[in-house]
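> Take a look at this one; I'll ask things after.
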Amino acid sequence: MTSFQPLDVVRKSATVTTAPPPKRDVEVAKLIDVSKCIGCKACQSACLEWNDLKEPVGTNVGVYDNPHDLTPNTWTLMRFTEWENPKSGNLEWLIRKDGCMHCEDPGCLKACPSPGAIVQYANGIVDFQKEHCIGCGYCEKGCPFNIPRISRIDNKAYKCSLCSDRLAIGQQPACAKACPTQAIMFGTKTEMIAQAEKNVGILKSRGFDKAGLYNPPGVGGTHVMYVLHHADQPNLYAGLADNPRISPLIEAWKGVSKYAGMAIIGATALFGALHYLVKGPNEVSGHDEAEAKRLAEGRK
Amino acid sequence: MSTQSDPGAPVKVRRYSGSARLNHWIMAISFVLLLLSGLSLFHPSLFFLSGFFGGGANVRWLHPWIGLVFATGFFLLFLRFLPANLPERTDFTWLGRIGHVLAGRDEYLPEVGKYNAGQKMVFWSQAILVPILLVTGFGLWTPGLEFAEQTFAFKATMDQKRLAALVHAIAAVTAIVIWIIHIYAAIWVRGTMGAMTRGTVTGGWGWRHHRRWLKDEVADGRVENKKPSPAE
């Protein structure tokens, strides 16, 4: 449940009617400086606590990732990567807080067949509306970051809401509030881009010459951005997409196949109707019946 | 309606047994349900169709099960009708005269057996599409994917699932187009519906549209040889 109002919605899943676009609010963004993260998982705990989620106790397989993947209850997850930098020979511990990126062009929203189950607010947040969700899993396929998870208990999709309920009453997201090192920052998108430039500058001065901001243009930019020390290789960070975009398969499925499919079905039905109007029914004549009768009676 | 030389009720010829009709109607009903539920998730303007099933969440779980009913029905029907649907030389002559077919000039068409080339094409296109829809449907169905993983240790990648969604949509549109043609042909060619409702057609229908089949039925003694009774 959020305190945002219908007029705050700029985009709605599976909705063809276009509402008058409300004025775009100031766009918000979360900025995660990966280099400042100490892997304490306070953000994960804060997320569980604020959203009242419980993750069952799992099994230890010798890695720090806990749980092993995002789940319907774990909307954000620290992913740990040990990487040997071939240039410096150093072992680098790359920790990335994974979760919804709140794309400007959201693949989940594009794929969703249920009207209003996924909305995008004027401030840029992409939010799932549980009461409209039908549990089909199309959002999982639409997402270029592999984020949404369907609960097998209530068959609804779950992911980070960017704490839209906290934002609506002027609070920052729970994870940002809990972060002890300010690796997670929150503000307007403009402020966060400016902040990122500062942080990138610091990293460059420390010798990370490839440091940069991850705000991928393939999805129109995101409302969760990373500062990466190796911005030239996002894939190092537990498989972060180098150049994310909505899959062309999804674009074809939700684009041309939908319109062409409807047109072809309509054209076939129309052809049938016209054929009937022009040609009339193909009727059996009395002559046919008489011939059949003669055949059946063995005359001929 | 029937004029000059009609000496009474037309000859009735049996075309489908009760079990064949039951098989067909199970498929017909499940296809319509699949069409309504599938289209409701295909285009936002058709989402209201999910109301027939009590909402989108019901469509999500019901559609795959109806699909399994349809696929099973088709498999049985495929085996049952396969012998009569094998391609033969006449089919190409028939297709070459498609203009006469559409104009309803059956007298210019070759004598055909139980099925003409058009009907065979409906049969074979569904024989290709149903397995495609079944496999891609499993790829879009959470319990189906879990079954595939447990039974065949097959775990679909996200791109495979995306491809499944696209192929499922294209195959479904094709199947619906063929279904429209199938229904229209049954309406347009008068006297056809009785084959599936009561199991019989008139002899004249057989003479006009499937003359070789009618001759075989008569030759094999499967058509009641009913001479007009003296009382008439």
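Identifiers in this document derive from the order of the structure tokens: chains are assigned A, B, ..., residues are numbered from 1 separately in each chain, and ligands are numbered from 1 in order of occurrence.
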With 6 Å as the limit and counting only C-alpha atoms, what residues in chain A lie close to chain B? Please list them as a list of chain:residue names.

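The complete set of qualifying residues is A:Ala14, A:Thr15, A:Pro113, A:Ile134, A:Cys136, A:Lys141, A:Trp253, A:Gly261, A:Ile265, A:Pro281, A:Asn282, A:Glu283, A:Val284, A:Gly286, A:Asp288, A:Glu289, A:Ala292, A:Lys293, A:Ala296, A:Glu297.
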
> Residues at most 6 Å from region 20-27 of chain B, counting only C-alpha atoms, excluding those fewer than 5 positions away in the same chain, as a list in words?

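In the requested format, the answer is Phe70, Gly73 and Met196 of chain B.
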
> Keeping C-alpha atoms, export the residues of the selection given above as a PDB file, in the first residue's frame.


ATOM      1  CA  PHE B  70      -6.999 -29.811 -25.587  1.00  0.00           C
ATOM      2  CA  GLY B  73      -7.915 -34.456 -27.158  1.00  0.00           C
ATOM      3  CA  MET B 196     -20.627 -33.135 -35.803  1.00  0.00           C
TER       4      MET B 196
END

> Excluding same-chain residues fewer than 6 positions from Gly99 (chain A), what lies within 10 Å of it counting only C-alpha atoms, as a list in words?

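Residues near the query, excluding close chain neighbours: Leu70, Thr74, Trp75, Thr76, Leu77, Met78, Phe145, Asn146, Ile147, Pro148, Lys159, Cys160, Ser161, Leu162 and Val224 of chain A.
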
> Smallest atom-to-atom distance to Val26 (chain A): which of A:Glu140, A:Glu191, A:Glu131, A:Glu55, using only C-alpha atoms?

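Of all the options, A:Glu191 lies closest to Val26 (chain A).
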
> Let's see if you can do this: from backbone DSSP, list all strand (DSSP E) residues in region 24-74 of chain A, as a PyMOL selection string.

chain A and resi 28-33

> Take the residues from that selection and write them out as a CSV table (one decimal), in the first residue's frame, keeping N, CA, C and O atoms.


chain,number,residue,atom,x,y,z
A,28,VAL,N,13.3,11.0,-8.5
A,28,VAL,CA,14.2,10.6,-7.4
A,28,VAL,C,15.2,9.5,-7.8
A,28,VAL,O,15.0,8.9,-8.9
A,29,ALA,N,16.2,9.3,-7.1
A,29,ALA,CA,17.1,8.2,-7.4
A,29,ALA,C,17.8,7.8,-6.1
A,29,ALA,O,18.0,8.6,-5.2
A,30,LYS,N,18.2,6.5,-6.2
A,30,LYS,CA,19.1,6.0,-5.1
A,30,LYS,C,20.4,5.8,-5.8
A,30,LYS,O,20.5,5.3,-6.9
A,31,LEU,N,21.5,6.2,-5.1
A,31,LEU,CA,22.8,6.1,-5.6
A,31,LEU,C,23.6,5.1,-4.7
A,31,LEU,O,23.6,5.4,-3.5
A,32,ILE,N,24.1,4.1,-5.2
A,32,ILE,CA,24.9,3.1,-4.4
A,32,ILE,C,26.3,3.1,-4.8
A,32,ILE,O,26.7,2.8,-6.0
A,33,ASP,N,27.2,3.6,-4.0
A,33,ASP,CA,28.6,3.7,-4.2
A,33,ASP,C,29.2,2.3,-3.8
A,33,ASP,O,29.4,2.1,-2.6

> For CA of Pro106 (chain A) and CA of Thr222 (chain A), determine how far apart the two atoms are, in Å to one decimal place.

9.1 Å

> Using only C-alpha atoms, determine which residues lie at most 12 Å from Phe186 (chain A), disregarding the query and same-chain residues fewer than 3 positions distant; provide the list as a PyMOL selection string.

chain A and resi 27-33+162-163+167+170-179+182-183+189-193+195-196+223-226

> From the set A:Ala252, A:Ala263, A:Leu236, A:Leu213, which residue has the shortest atom-to-atom contact distance to Glu84 (chain A), counting only C-alpha atoms?

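Answer, going by the shortest atom-to-atom distance: A:Leu236.
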